[in-house]
file target-v5.cif (mmCIF, C-alpha atoms)
data_start
#
loop_
_atom_site.label_atom_id
_atom_site.label_comp_id
_atom_site.auth_asym_id
_atom_site.auth_seq_id
_atom_site.Cartn_x
_atom_site.Cartn_y
_atom_site.Cartn_z
CA MET J 16 4.66 5.32 84.37
CA ASN J 17 2.57 2.76 82.53
CA MET J 18 3.83 -0.61 81.28
CA THR J 19 4.90 0.62 77.86
CA GLU J 20 6.77 3.63 79.28
CA LYS J 21 8.63 1.44 81.78
CA ILE J 22 9.72 -1.02 79.11
CA LEU J 23 10.88 1.73 76.77
CA ALA J 24 12.70 3.58 79.56
CA GLU J 25 14.62 0.41 80.42
CA ALA J 26 15.45 -0.21 76.75
CA ALA J 27 16.72 3.35 76.39
CA GLY J 28 18.75 3.29 79.62
CA LEU J 29 16.65 6.05 81.15
CA ARG J 30 15.02 6.37 84.56
CA GLU J 31 11.79 7.59 83.02
CA VAL J 32 10.25 8.65 79.73
CA THR J 33 7.28 10.83 78.85
CA PRO J 34 4.84 10.79 75.91
CA GLY J 35 6.20 12.61 72.87
CA GLU J 36 9.82 12.13 73.90
CA ILE J 37 12.16 10.76 71.23
CA ILE J 38 14.32 7.90 72.48
CA GLU J 39 16.82 5.44 71.08
CA ALA J 40 16.02 1.96 72.34
CA GLY J 41 17.92 -1.29 72.30
CA ILE J 42 16.06 -4.10 70.55
CA ASP J 43 15.66 -7.53 72.12
CA LEU J 44 14.26 -9.30 69.05
CA ALA J 45 13.77 -8.49 65.37
CA MET J 46 11.59 -10.45 62.96
CA THR J 47 11.11 -10.49 59.20
CA HIS J 48 9.10 -12.83 56.99
CA ASP J 49 9.43 -14.01 53.40
CA GLY J 50 7.77 -10.88 52.06
CA THR J 51 9.78 -8.33 54.06
CA SER J 52 13.17 -10.03 54.39
CA PRO J 53 14.41 -9.22 50.84
CA PRO J 54 13.76 -5.45 50.98
CA THR J 55 15.35 -5.38 54.44
CA ILE J 56 18.37 -7.27 53.10
CA ARG J 57 18.65 -4.99 50.08
CA THR J 58 18.77 -1.91 52.30
CA PHE J 59 21.24 -3.59 54.65
CA ARG J 60 23.56 -4.27 51.69
CA GLU J 61 23.23 -0.65 50.59
CA LEU J 62 24.41 0.34 54.07
CA MET J 63 27.37 -2.01 53.68
CA GLU J 64 28.34 -0.36 50.39
CA LYS J 65 28.35 3.02 52.15
CA GLY J 66 30.70 1.83 54.88
CA GLY J 67 28.17 0.30 57.24
CA PRO J 68 28.66 -2.99 59.10
CA GLU J 69 29.08 -6.15 57.10
CA ARG J 70 27.53 -8.34 59.78
CA VAL J 71 24.17 -8.08 61.53
CA TRP J 72 24.36 -6.88 65.11
CA ASP J 73 23.32 -10.20 66.65
CA PRO J 74 22.22 -13.19 64.52
CA GLU J 75 20.71 -14.87 67.59
CA ARG J 76 18.22 -12.03 68.00
CA ILE J 77 16.93 -12.12 64.44
CA VAL J 78 14.15 -14.50 63.41
CA MET J 79 13.00 -15.11 59.84
CA VAL J 80 9.75 -16.92 59.14
CA PHE J 81 8.46 -17.91 55.71
CA ASP J 82 4.68 -17.71 56.01
CA HIS J 83 3.08 -15.39 53.46
CA ASN J 84 3.66 -17.50 50.32
CA VAL J 85 4.54 -21.00 51.52
CA PRO J 86 5.16 -23.03 49.50
CA ALA J 87 6.18 -20.45 46.93
CA ASN J 88 3.39 -19.91 44.41
CA THR J 89 5.23 -17.69 41.93
CA ILE J 90 8.76 -17.37 40.61
CA GLY J 91 9.02 -14.05 42.42
CA ALA J 92 8.03 -15.59 45.75
CA ALA J 93 10.56 -18.38 45.26
CA GLU J 94 13.27 -15.84 44.50
CA PHE J 95 12.38 -13.80 47.60
CA GLN J 96 12.74 -16.89 49.75
CA ARG J 97 16.06 -17.80 48.16
CA VAL J 98 17.44 -14.32 48.89
CA ALA J 99 16.40 -14.58 52.55
CA ARG J 100 17.73 -18.13 52.86
CA GLU J 101 21.15 -17.20 51.43
CA PHE J 102 21.42 -14.10 53.63
CA ALA J 103 20.58 -16.11 56.75
CA HIS J 104 23.29 -18.64 55.87
CA GLU J 105 25.80 -15.89 55.16
CA GLN J 106 25.10 -14.04 58.40
CA GLY J 107 24.76 -17.07 60.67
CA ILE J 108 21.06 -16.47 61.36
CA ARG J 109 20.00 -19.87 62.62
CA ASN J 110 16.46 -18.93 63.63
CA ILE J 111 14.91 -19.31 60.18
CA TYR J 112 11.64 -21.20 59.74
CA GLN J 113 11.01 -21.90 56.07
CA ASN J 114 9.02 -25.12 55.70
CA ALA J 115 5.52 -24.13 56.82
CA ALA J 116 6.32 -24.01 60.52
CA GLY J 117 3.54 -21.47 60.74
CA ILE J 118 2.69 -17.79 60.80
CA CYS J 119 5.42 -15.61 62.30
CA HIS J 120 3.20 -14.22 65.08
CA GLN J 121 2.33 -17.74 66.21
CA VAL J 122 5.77 -19.26 65.70
CA LEU J 123 7.70 -16.70 67.77
CA PRO J 124 5.79 -17.28 71.03
CA GLU J 125 5.63 -21.04 70.43
CA LYS J 126 9.37 -21.31 69.96
CA GLY J 127 10.10 -19.32 73.13
CA PHE J 128 11.33 -16.08 71.55
CA VAL J 129 8.78 -13.86 73.33
CA LYS J 130 8.94 -12.84 76.99
CA PRO J 131 7.34 -10.10 79.09
CA GLY J 132 9.27 -6.85 79.17
CA MET J 133 10.97 -7.31 75.81
CA VAL J 134 11.19 -4.75 73.01
CA ILE J 135 10.27 -6.58 69.81
CA VAL J 136 10.09 -5.15 66.31
CA GLY J 137 8.90 -6.91 63.21
CA ALA J 138 8.61 -6.04 59.56
CA ASP J 139 4.90 -6.78 59.69
CA SER J 140 2.15 -4.58 61.09
CA HIS J 141 0.65 -7.29 63.30
CA THR J 142 3.83 -7.60 65.34
CA CYS J 143 1.74 -5.88 68.03
CA THR J 144 0.42 -9.40 68.81
CA TYR J 145 3.19 -9.97 71.39
CA GLY J 146 1.74 -7.32 73.65
CA ALA J 147 -0.44 -10.17 74.90
CA PHE J 148 2.67 -11.40 76.71
CA GLY J 149 3.46 -8.07 78.36
CA ALA J 150 6.07 -7.08 75.76
CA PHE J 151 6.37 -3.84 73.81
CA SER J 152 6.06 -4.97 70.22
CA THR J 153 5.38 -3.03 67.07
CA GLY J 154 5.74 -3.21 63.30
CA MET J 155 8.10 -1.22 61.11
CA GLY J 156 9.16 -0.90 57.50
CA ALA J 157 12.10 -2.54 55.76
CA THR J 158 14.37 0.54 55.91
CA ASP J 159 14.01 0.84 59.68
CA MET J 160 14.46 -2.90 60.04
CA ALA J 161 17.69 -2.78 58.06
CA MET J 162 19.01 -0.26 60.59
CA VAL J 163 18.00 -2.60 63.40
CA PHE J 164 19.85 -5.44 61.65
CA ALA J 165 22.91 -3.19 61.51
CA THR J 166 22.84 -1.59 64.97
CA GLY J 167 20.42 -3.44 67.24
CA LYS J 168 18.74 -0.11 67.98
CA THR J 169 15.95 2.08 66.69
CA TRP J 170 14.21 5.29 67.65
CA PHE J 171 10.70 5.68 68.98
CA MET J 172 8.53 8.56 69.95
CA VAL J 173 7.09 7.47 73.29
CA PRO J 174 3.38 7.00 72.59
CA GLU J 175 0.53 8.46 74.56
CA ALA J 176 -1.42 5.75 76.35
CA MET J 177 -5.09 4.93 76.44
CA ARG J 178 -6.73 2.40 78.73
CA VAL J 179 -9.46 -0.01 77.63
CA ASP J 180 -11.12 -2.09 80.36
CA VAL J 181 -13.32 -5.02 79.40
CA THR J 182 -15.71 -6.49 81.95
CA GLY J 183 -18.32 -9.24 81.98
CA ARG J 184 -18.53 -12.90 81.02
CA LEU J 185 -18.76 -13.73 77.34
CA GLN J 186 -21.70 -15.78 76.12
CA ASP J 187 -21.32 -19.04 74.19
CA ASN J 188 -20.00 -18.58 70.64
CA THR J 189 -18.91 -15.04 71.49
CA THR J 190 -15.16 -14.66 71.62
CA ALA J 191 -12.20 -12.33 72.00
CA LYS J 192 -12.61 -11.57 68.27
CA ASP J 193 -16.02 -10.09 68.99
CA VAL J 194 -14.58 -8.06 71.86
CA ILE J 195 -11.92 -6.40 69.73
CA LEU J 196 -14.33 -5.86 66.82
CA ARG J 197 -16.74 -4.18 69.22
CA ILE J 198 -13.94 -1.95 70.55
CA ILE J 199 -12.73 -1.01 67.05
CA GLY J 200 -16.30 -0.37 65.92
CA GLU J 201 -16.79 2.03 68.82
CA LEU J 202 -13.41 3.81 68.79
CA GLY J 203 -12.85 3.82 65.03
CA ALA J 204 -10.04 2.74 62.72
CA ASP J 205 -8.10 5.87 63.71
CA GLY J 206 -9.21 5.97 67.34
CA ALA J 207 -5.82 5.04 68.75
CA THR J 208 -3.39 6.40 66.18
CA TYR J 209 0.21 6.16 67.47
CA ARG J 210 -1.05 5.37 70.94
CA SER J 211 -0.25 2.56 73.30
CA VAL J 212 -3.50 0.74 74.04
CA GLU J 213 -3.44 -0.97 77.42
CA PHE J 214 -6.14 -3.60 77.82
CA GLY J 215 -7.37 -4.65 81.24
CA GLY J 216 -10.47 -5.58 83.25
CA ASP J 217 -11.77 -8.88 84.57
CA THR J 218 -12.61 -10.22 81.09
CA ILE J 219 -9.04 -9.73 79.90
CA GLU J 220 -7.66 -11.09 83.16
CA GLY J 221 -9.63 -14.30 82.70
CA MET J 222 -8.72 -14.84 79.05
CA GLY J 223 -6.40 -17.54 77.82
CA VAL J 224 -3.35 -17.06 75.64
CA ALA J 225 -5.26 -17.36 72.34
CA GLY J 226 -7.88 -14.74 73.15
CA ARG J 227 -5.36 -12.24 74.44
CA MET J 228 -3.25 -12.65 71.30
CA THR J 229 -6.32 -12.02 69.13
CA ILE J 230 -7.07 -8.73 70.85
CA CYS J 231 -3.51 -7.39 70.78
CA ASN J 232 -3.13 -8.56 67.19
CA MET J 233 -5.91 -6.22 66.07
CA ALA J 234 -4.82 -3.20 68.10
CA VAL J 235 -3.13 -1.90 64.95
CA GLU J 236 -6.52 -1.91 63.23
CA MET J 237 -7.46 1.15 65.27
CA GLY J 238 -4.12 2.78 64.54
CA ALA J 239 -2.30 1.82 67.74
CA LYS J 240 1.47 1.85 67.98
CA ASN J 241 1.17 -1.16 70.27
CA GLY J 242 -1.36 -3.09 72.27
CA ILE J 243 -0.32 -4.46 75.64
CA MET J 244 -1.69 -6.42 78.60
CA GLU J 245 -0.37 -7.20 82.04
CA PRO J 246 0.46 -10.94 81.92
CA ASN J 247 -1.95 -13.18 83.81
CA ARG J 248 -1.15 -16.62 85.23
CA LYS J 249 -2.00 -18.37 81.96
CA ILE J 250 0.47 -16.18 80.09
CA LEU J 251 3.19 -16.61 82.70
CA ASP J 252 2.78 -20.38 82.67
CA TYR J 253 2.89 -20.43 78.87
CA VAL J 254 6.04 -18.30 78.71
CA ALA J 255 7.75 -20.33 81.43
CA SER J 256 7.01 -23.59 79.63
CA ARG J 257 8.28 -22.25 76.28
CA THR J 258 11.36 -20.31 77.33
CA GLY J 259 12.61 -21.90 80.50
CA GLY J 260 14.36 -18.61 81.20
CA LYS J 261 14.00 -15.63 83.48
CA PHE J 262 12.03 -12.54 82.58
CA ARG J 263 10.78 -9.35 84.16
CA VAL J 264 7.12 -8.44 84.33
CA TYR J 265 6.27 -4.75 84.14
CA THR J 266 2.99 -3.36 85.47
CA SER J 267 1.47 0.09 85.25
CA ASP J 268 1.61 2.32 88.31
CA ASP J 269 -1.68 3.10 90.03
CA ASP J 270 -1.25 6.77 89.15
CA SER J 271 -0.48 6.20 85.47
CA GLU J 272 -2.05 8.83 83.25
CA TYR J 273 -4.04 8.01 80.13
CA VAL J 274 -5.24 10.39 77.45
CA GLU J 275 -8.45 8.37 77.22
CA GLU J 276 -10.10 5.62 79.27
CA HIS J 277 -12.87 3.38 77.99
CA GLU J 278 -14.88 0.57 79.54
CA PHE J 279 -16.81 -2.11 77.69
CA ASP J 280 -19.26 -4.47 79.39
CA VAL J 281 -19.45 -7.56 77.17
CA SER J 282 -21.95 -9.57 79.24
CA ASP J 283 -24.63 -9.20 76.56
CA LEU J 284 -22.30 -8.99 73.56
CA GLN J 285 -23.44 -10.92 70.51
CA PRO J 286 -21.12 -12.11 67.70
CA GLN J 287 -19.90 -9.12 65.72
CA VAL J 288 -19.16 -8.77 62.00
CA ALA J 289 -16.92 -6.16 60.37
CA CYS J 290 -18.56 -5.36 57.04
CA PRO J 291 -16.87 -4.20 53.82
CA HIS J 292 -14.67 -2.34 53.39
CA ASP J 293 -13.54 -1.06 56.78
CA VAL J 294 -12.61 -2.86 59.97
CA ASP J 295 -14.59 -0.35 62.03
CA ASN J 296 -17.80 -0.94 60.02
CA VAL J 297 -18.96 -3.34 62.72
CA LYS J 298 -22.48 -4.70 63.16
CA PRO J 299 -24.09 -7.49 65.20
CA VAL J 300 -24.25 -10.66 63.11
CA GLU J 301 -28.06 -10.56 63.11
CA MET J 302 -27.94 -7.40 60.98
CA VAL J 303 -26.09 -9.14 58.14
CA GLU J 304 -27.53 -12.66 58.38
CA GLY J 305 -28.55 -14.07 55.03
CA THR J 306 -25.76 -12.39 53.08
CA HIS J 307 -24.56 -14.75 50.33
CA ILE J 308 -20.96 -15.99 50.56
CA ASP J 309 -18.69 -17.77 48.10
CA GLU J 310 -15.83 -18.48 50.48
CA ALA J 311 -15.23 -18.94 54.20
CA PHE J 312 -11.74 -18.78 55.65
CA LEU J 313 -10.65 -20.02 59.05
CA GLY J 314 -7.07 -19.10 59.91
CA SER J 315 -4.58 -16.20 60.05
CA CYS J 316 -2.45 -14.75 62.85
CA THR J 317 -5.71 -13.52 64.41
CA ASN J 318 -7.75 -16.72 64.61
CA GLY J 319 -5.85 -19.74 63.34
CA ARG J 320 -5.13 -21.22 66.76
CA TYR J 321 -6.20 -24.55 68.21
CA GLU J 322 -9.11 -23.00 70.10
CA ASP J 323 -10.41 -21.48 66.87
CA LEU J 324 -10.22 -24.75 64.93
CA LYS J 325 -11.95 -26.61 67.76
CA MET J 326 -14.75 -24.04 67.93
CA ALA J 327 -15.37 -24.38 64.21
CA ALA J 328 -15.39 -28.18 64.36
CA ASP J 329 -17.79 -28.14 67.32
CA VAL J 330 -20.16 -25.84 65.45
CA ILE J 331 -20.12 -27.95 62.28
CA GLY J 332 -20.42 -31.34 63.95
CA ASP J 333 -21.51 -33.94 61.39
CA ARG J 334 -22.93 -31.40 58.94
CA LYS J 335 -21.51 -30.59 55.51
CA VAL J 336 -20.14 -27.41 53.96
CA HIS J 337 -22.59 -25.83 51.52
CA GLU J 338 -21.97 -26.99 47.96
CA ASP J 339 -21.52 -23.41 46.73
CA VAL J 340 -18.93 -22.48 49.39
CA ARG J 341 -15.18 -22.98 49.50
CA PHE J 342 -14.33 -23.46 53.19
CA ILE J 343 -10.57 -22.98 53.55
CA VAL J 344 -8.82 -23.85 56.80
CA SER J 345 -5.21 -22.95 57.50
CA PRO J 346 -3.82 -23.67 61.01
CA ALA J 347 -1.54 -20.95 62.36
CA SER J 348 1.34 -23.36 62.97
CA ARG J 349 2.49 -26.93 62.50
CA GLU J 350 2.18 -27.48 66.25
CA ILE J 351 -1.48 -26.44 66.14
CA TYR J 352 -2.07 -28.58 63.04
CA LEU J 353 -0.65 -31.67 64.75
CA ARG J 354 -2.65 -31.13 67.93
CA ALA J 355 -5.88 -30.64 65.97
CA LEU J 356 -5.03 -33.70 63.88
CA GLY J 357 -4.53 -35.82 66.98
CA ASP J 358 -7.80 -34.66 68.51
CA GLY J 359 -9.88 -35.43 65.43
CA ILE J 360 -10.62 -31.77 64.68
CA ILE J 361 -8.97 -31.84 61.26
CA GLU J 362 -10.88 -35.01 60.36
CA THR J 363 -14.18 -33.36 61.32
CA LEU J 364 -13.40 -30.38 59.11
CA LEU J 365 -12.24 -32.55 56.20
CA ARG J 366 -15.30 -34.80 56.36
CA ALA J 367 -17.47 -31.70 56.34
CA GLY J 368 -15.88 -30.68 53.04
CA ALA J 369 -13.32 -28.13 54.18
CA ILE J 370 -10.10 -27.56 52.26
CA VAL J 371 -7.36 -27.88 54.88
CA CYS J 372 -4.13 -26.19 53.83
CA ASN J 373 -0.63 -26.09 55.29
CA PRO J 374 0.16 -23.62 58.09
CA GLY J 375 0.69 -20.10 56.84
CA CYS J 376 -1.07 -16.85 56.05
CA GLY J 377 -3.07 -18.43 53.25
CA PRO J 378 -5.84 -16.34 51.65
CA CYS J 379 -5.54 -13.50 54.19
CA LEU J 380 -3.38 -11.27 52.00
CA GLY J 381 -4.99 -12.18 48.70
CA ALA J 382 -1.84 -13.63 47.21
CA HIS J 383 -1.73 -17.31 48.09
CA MET J 384 -4.62 -19.79 47.93
CA GLY J 385 -8.28 -18.81 48.08
CA VAL J 386 -8.01 -15.61 46.04
CA LEU J 387 -11.43 -14.04 45.45
CA ALA J 388 -12.80 -13.54 41.92
CA PRO J 389 -14.62 -10.35 40.85
CA GLY J 390 -17.79 -9.84 42.85
CA GLU J 391 -17.20 -12.76 45.22
CA VAL J 392 -17.85 -12.57 48.96
CA SER J 393 -15.82 -14.08 51.77
CA ILE J 394 -16.39 -14.35 55.49
CA ALA J 395 -13.09 -14.76 57.31
CA THR J 396 -11.47 -14.86 60.72
CA THR J 397 -8.74 -12.52 59.48
CA ASN J 398 -7.94 -8.99 60.63
CA ARG J 399 -8.53 -6.83 57.55
CA ASN J 400 -11.34 -6.39 55.06
CA PHE J 401 -9.99 -3.55 52.92
CA ARG J 402 -11.10 -3.36 49.30
CA GLY J 403 -9.13 -5.96 47.34
CA ARG J 404 -7.54 -7.40 50.48
CA MET J 405 -8.28 -11.03 49.55
CA GLY J 406 -8.48 -10.74 45.79
CA ASP J 407 -10.25 -8.72 43.13
CA PRO J 408 -11.06 -5.11 44.09
CA SER J 409 -14.74 -5.76 43.45
CA SER J 410 -14.85 -8.64 45.96
CA SER J 411 -16.01 -8.19 49.55
CA VAL J 412 -14.73 -9.47 52.88
CA TYR J 413 -16.64 -9.79 56.15
CA LEU J 414 -14.72 -10.44 59.37
CA ALA J 415 -16.13 -12.66 62.11
CA ASN J 416 -15.28 -15.17 64.81
CA PRO J 417 -14.65 -18.89 64.04
CA ALA J 418 -18.15 -20.00 65.08
CA VAL J 419 -19.83 -17.54 62.71
CA VAL J 420 -17.48 -18.48 59.87
CA ALA J 421 -18.13 -22.19 60.36
CA GLU J 422 -21.92 -21.78 60.57
CA SER J 423 -21.88 -19.58 57.49
CA ALA J 424 -19.81 -22.15 55.57
CA VAL J 425 -22.51 -24.76 56.23
CA ASN J 426 -25.46 -22.54 55.32
CA GLY J 427 -23.97 -20.67 52.35
CA VAL J 428 -24.97 -17.33 53.84
CA ILE J 429 -23.73 -15.37 56.84
CA SER J 430 -25.31 -17.05 59.83
CA SER J 431 -25.28 -16.86 63.60
CA PRO J 432 -24.35 -20.10 65.36
CA GLN J 433 -27.13 -21.45 67.57
#
call {"tool": "encode", "arguments": {"input": "target-v5.cif", "output": "structure tokens"}}
result
Amino acid sequence: MNMTEKILAEAAGLREVTPGEIIEAGIDLAMTHDGTSPPTIRTFRELMEKGGPERVWDPERIVMVFDHNVPANTIGAAEFQRVAREFAHEQGIRNIYQNAAGICHQVLPEKGFVKPGMVIVGADSHTCTYGAFGAFSTGMGATDMAMVFATGKTWFMVPEAMRVDVTGRLQDNTTAKDVILRIIGELGADGATYRSVEFGGDTIEGMGVAGRMTICNMAVEMGAKNGIMEPNRKILDYVASRTGGKFRVYTSDDDSEYVEEHEFDVSDLQPQVACPHDVDNVKPVEMVEGTHIDEAFLGSCTNGRYEDLKMAADVIGDRKVHEDVRFIVSPASREIYLRALGDGIIETLLRAGAIVCNPGCGPCLGAHMGVLAPGEVSIATTNRNFRGRMGDPSSSVYLANPAVVAESAVNGVISSPQ
């Protein structure tokens, strides 16, 4: 069996599982955020009214993170957060992060909730991020999450697996973001629908925690059920330092079967840009250089980590943001913010003219800070560029790595960092 099959078999109490098999699996951790907690709670209460349990299955295994609209920017957002806050108090859910601790997918690993071998579900599609730690993690809707709250279990169809090996040493200013954009551009937005994508190869093996999280985060952008990697030493050291507990590492057998296998040599890879309005509309940055931008955004659960902020600051140096550009920076967590503050990175960005916001999702979802006006163009380190994703339906979003975003913010047009 491969890694995903082994984890799911263990969670279902079975010796083995096969692709297409329907299983009921025990859940190790469930996560909701300020946008998905209220509909989950509403469905949970409907279950109560029909004779279901009045208490969640295990309050210690539920984590709530307020990150999408923090601080609340509308009455509706404030009400959503109040509903989640009151439910957490009522149910004894102590793991609730509501004062801009950061984006859920950054906060959970930081706070030691994520370990290899776990089965993690979240009411957010980018829950697949935790595959970087050797966990099976996937997103689900509020109705399914309510059932998890009630029972601690859910059903899965065991996904078929595909293997993606990445080899070669990345050039300067080319990052894990460019790797996953290149993969999505080649395989397509539906190239891995309901499949488990297992990433490997010497490039992946040598990557740090941030880069591996970026790649698994965007596995869902090619339709994957989950993305997963065998933990390397950097991951194991990170998990050990955050959790202090024991965990089990699963690896794929040598004779694991994959429906597809792909290999990407990234030795000569240049920075990539996903052009409007599809994540798989990927081109080398040189093909879109000179495109006017109104906004640049550095942040999100894909690229709001310390390494991303440092790369942007290094690219900008003592230069200034173009007078016609809004350069918005939102660290992925308070911990990252404080580290970047202590190292002078935030000061560099501020002096350059960036707008540095509190940790959170920020402009990524087009609902909180940095919303695009009709016809405006943004270049962002986010994970989606669908029509209307960051604002008006007539606006456009280009996706790129932090170095490209920072260089573009300075020049006022999409630019390749030199």
call {"tool": "residues_around", "arguments": {"input": "target-v5.cif", "residues": "Ser256 in chain J", "least_positions_apart": "2", "cutoff": "12 Å", "atoms": "all atoms listed in the file", "output": "PDB file with C-alpha atoms, in the coordinates of the input"}}
result
ATOM      1  CA  PRO J 124       5.790 -17.280  71.030  1.00  0.00           C
ATOM      2  CA  GLU J 125       5.630 -21.040  70.430  1.00  0.00           C
ATOM      3  CA  LYS J 126       9.370 -21.310  69.960  1.00  0.00           C
ATOM      4  CA  GLY J 127      10.100 -19.320  73.130  1.00  0.00           C
ATOM      5  CA  PHE J 128      11.330 -16.080  71.550  1.00  0.00           C
ATOM      6  CA  VAL J 129       8.780 -13.860  73.330  1.00  0.00           C
ATOM      7  CA  LYS J 130       8.940 -12.840  76.990  1.00  0.00           C
ATOM      8  CA  LYS J 249      -2.000 -18.370  81.960  1.00  0.00           C
ATOM      9  CA  ILE J 250       0.470 -16.180  80.090  1.00  0.00           C
ATOM     10  CA  LEU J 251       3.190 -16.610  82.700  1.00  0.00           C
ATOM     11  CA  ASP J 252       2.780 -20.380  82.670  1.00  0.00           C
ATOM     12  CA  TYR J 253       2.890 -20.430  78.870  1.00  0.00           C
ATOM     13  CA  VAL J 254       6.040 -18.300  78.710  1.00  0.00           C
ATOM     14  CA  THR J 258      11.360 -20.310  77.330  1.00  0.00           C
ATOM     15  CA  GLY J 259      12.610 -21.900  80.500  1.00  0.00           C
ATOM     16  CA  GLY J 260      14.360 -18.610  81.200  1.00  0.00           C
ATOM     17  CA  LYS J 261      14.000 -15.630  83.480  1.00  0.00           C
TER      18      LYS J 261
END
call {"tool": "residues_near_point", "arguments": {"input": "target-v5.cif", "point": "(-6.5, -12.9, 65.8)", "cutoff": "7 Å", "atoms": "all atoms listed in the file", "output": "mmCIF file with C-alpha atoms, keeping the file's coordinate frame"}}
result
data_model
loop_
_atom_site.group_PDB
_atom_site.id
_atom_site.type_symbol
_atom_site.label_atom_id
_atom_site.label_comp_id
_atom_site.auth_asym_id
_atom_site.auth_seq_id
_atom_site.Cartn_x
_atom_site.Cartn_y
_atom_site.Cartn_z
ATOM 1 C CA LYS J 192 -12.610 -11.570 68.270
ATOM 2 C CA MET J 228 -3.250 -12.650 71.300
ATOM 3 C CA THR J 229 -6.320 -12.020 69.130
ATOM 4 C CA ILE J 230 -7.070 -8.730 70.850
ATOM 5 C CA ASN J 232 -3.130 -8.560 67.190
ATOM 6 C CA MET J 233 -5.910 -6.220 66.070
ATOM 7 C CA SER J 315 -4.580 -16.200 60.050
ATOM 8 C CA CYS J 316 -2.450 -14.750 62.850
ATOM 9 C CA THR J 317 -5.710 -13.520 64.410
ATOM 10 C CA ASN J 318 -7.750 -16.720 64.610
ATOM 11 C CA THR J 397 -8.740 -12.520 59.480
ATOM 12 C CA ASN J 398 -7.940 -8.990 60.630
#
call {"tool": "resolve_selection", "arguments": {"input": "target-v5.cif", "expression": "the PyMOL selection byres ((chain J and resi 101-113) around 12)", "output": "PyMOL selection string"}}
result
chain J and resi 44-49+52-57+59-60+68-87+93-100+114-119+121-123+126-128+164-165+348-349+374-375
call {"tool": "closest_residue", "arguments": {"input": "target-v5.cif", "among": "J:Cys290, J:Ala424, J:Ala147, J:Ile38", "to": "Glu245 in chain J", "atoms": "all atoms listed in the file"}}
result
J:Ala147
call {"tool": "residues_around", "arguments": {"input": "target-v5.cif", "residues": "Thr58 in chain J", "least_positions_apart": "4", "cutoff": "12 Å", "atoms": "all atoms listed in the file", "output": "JSON, numbers by chain"}}
result
{"J": [51, 52, 53, 54, 62, 63, 64, 65, 67, 156, 157, 158, 159, 160, 161, 162, 163, 164, 165]}
call {"tool": "resolve_selection", "arguments": {"input": "target-v5.cif", "expression": "the PyMOL selection byres ((chain J and resi 195) around 10)", "output": "PyMOL selection string"}}
result
chain J and resi 181+190-194+196-201+226-227+229-234+236-237+287
call {"tool": "write_last_selection", "arguments": {"input": "target-v5.cif", "atoms": "C-alpha atoms", "output": "tab-separated table (two decimals), in the coordinates of the input"}}
result
chain	number	residue	atom	x	y	z
J	181	VAL	CA	-13.32	-5.02	79.40
J	190	THR	CA	-15.16	-14.66	71.62
J	191	ALA	CA	-12.20	-12.33	72.00
J	192	LYS	CA	-12.61	-11.57	68.27
J	193	ASP	CA	-16.02	-10.09	68.99
J	194	VAL	CA	-14.58	-8.06	71.86
J	196	LEU	CA	-14.33	-5.86	66.82
J	197	ARG	CA	-16.74	-4.18	69.22
J	198	ILE	CA	-13.94	-1.95	70.55
J	199	ILE	CA	-12.73	-1.01	67.05
J	200	GLY	CA	-16.30	-0.37	65.92
J	201	GLU	CA	-16.79	2.03	68.82
J	226	GLY	CA	-7.88	-14.74	73.15
J	227	ARG	CA	-5.36	-12.24	74.44
J	229	THR	CA	-6.32	-12.02	69.13
J	230	ILE	CA	-7.07	-8.73	70.85
J	231	CYS	CA	-3.51	-7.39	70.78
J	232	ASN	CA	-3.13	-8.56	67.19
J	233	MET	CA	-5.91	-6.22	66.07
J	234	ALA	CA	-4.82	-3.20	68.10
J	236	GLU	CA	-6.52	-1.91	63.23
J	237	MET	CA	-7.46	1.15	65.27
J	287	GLN	CA	-19.90	-9.12	65.72
call {"tool": "resolve_selection", "arguments": {"input": "target-v5.cif", "expression": "the PyMOL selection byres ((chain J and resi 274-286) around 9)", "output": "ChimeraX atom specification"}}
result
/J:175-186,188-190,192-194,197-198,216,218,272-273,287-288,298-301,415-416,418-419,431-432
call {"tool": "write_last_selection", "arguments": {"input": "target-v5.cif", "atoms": "C-alpha atoms", "output": "compact mmCIF listing (two decimals), in the frame of the given file"}}
result
# COMPACT_ATOMS: atom_id res chain seq x y z
CA GLU J 175 0.53 8.46 74.56
CA ALA J 176 -1.42 5.75 76.35
CA MET J 177 -5.09 4.93 76.44
CA ARG J 178 -6.73 2.40 78.73
CA VAL J 179 -9.46 -0.01 77.63
CA ASP J 180 -11.12 -2.09 80.36
CA VAL J 181 -13.32 -5.02 79.40
CA THR J 182 -15.71 -6.49 81.95
CA GLY J 183 -18.32 -9.24 81.98
CA ARG J 184 -18.53 -12.90 81.02
CA LEU J 185 -18.76 -13.73 77.34
CA GLN J 186 -21.70 -15.78 76.12
CA ASN J 188 -20.00 -18.58 70.64
CA THR J 189 -18.91 -15.04 71.49
CA THR J 190 -15.16 -14.66 71.62
CA LYS J 192 -12.61 -11.57 68.27
CA ASP J 193 -16.02 -10.09 68.99
CA VAL J 194 -14.58 -8.06 71.86
CA ARG J 197 -16.74 -4.18 69.22
CA ILE J 198 -13.94 -1.95 70.55
CA GLY J 216 -10.47 -5.58 83.25
CA THR J 218 -12.61 -10.22 81.09
CA GLU J 272 -2.05 8.83 83.25
CA TYR J 273 -4.04 8.01 80.13
CA GLN J 287 -19.90 -9.12 65.72
CA VAL J 288 -19.16 -8.77 62.00
CA LYS J 298 -22.48 -4.70 63.16
CA PRO J 299 -24.09 -7.49 65.20
CA VAL J 300 -24.25 -10.66 63.11
CA GLU J 301 -28.06 -10.56 63.11
CA ALA J 415 -16.13 -12.66 62.11
CA ASN J 416 -15.28 -15.17 64.81
CA ALA J 418 -18.15 -20.00 65.08
CA VAL J 419 -19.83 -17.54 62.71
CA SER J 431 -25.28 -16.86 63.60
CA PRO J 432 -24.35 -20.10 65.36
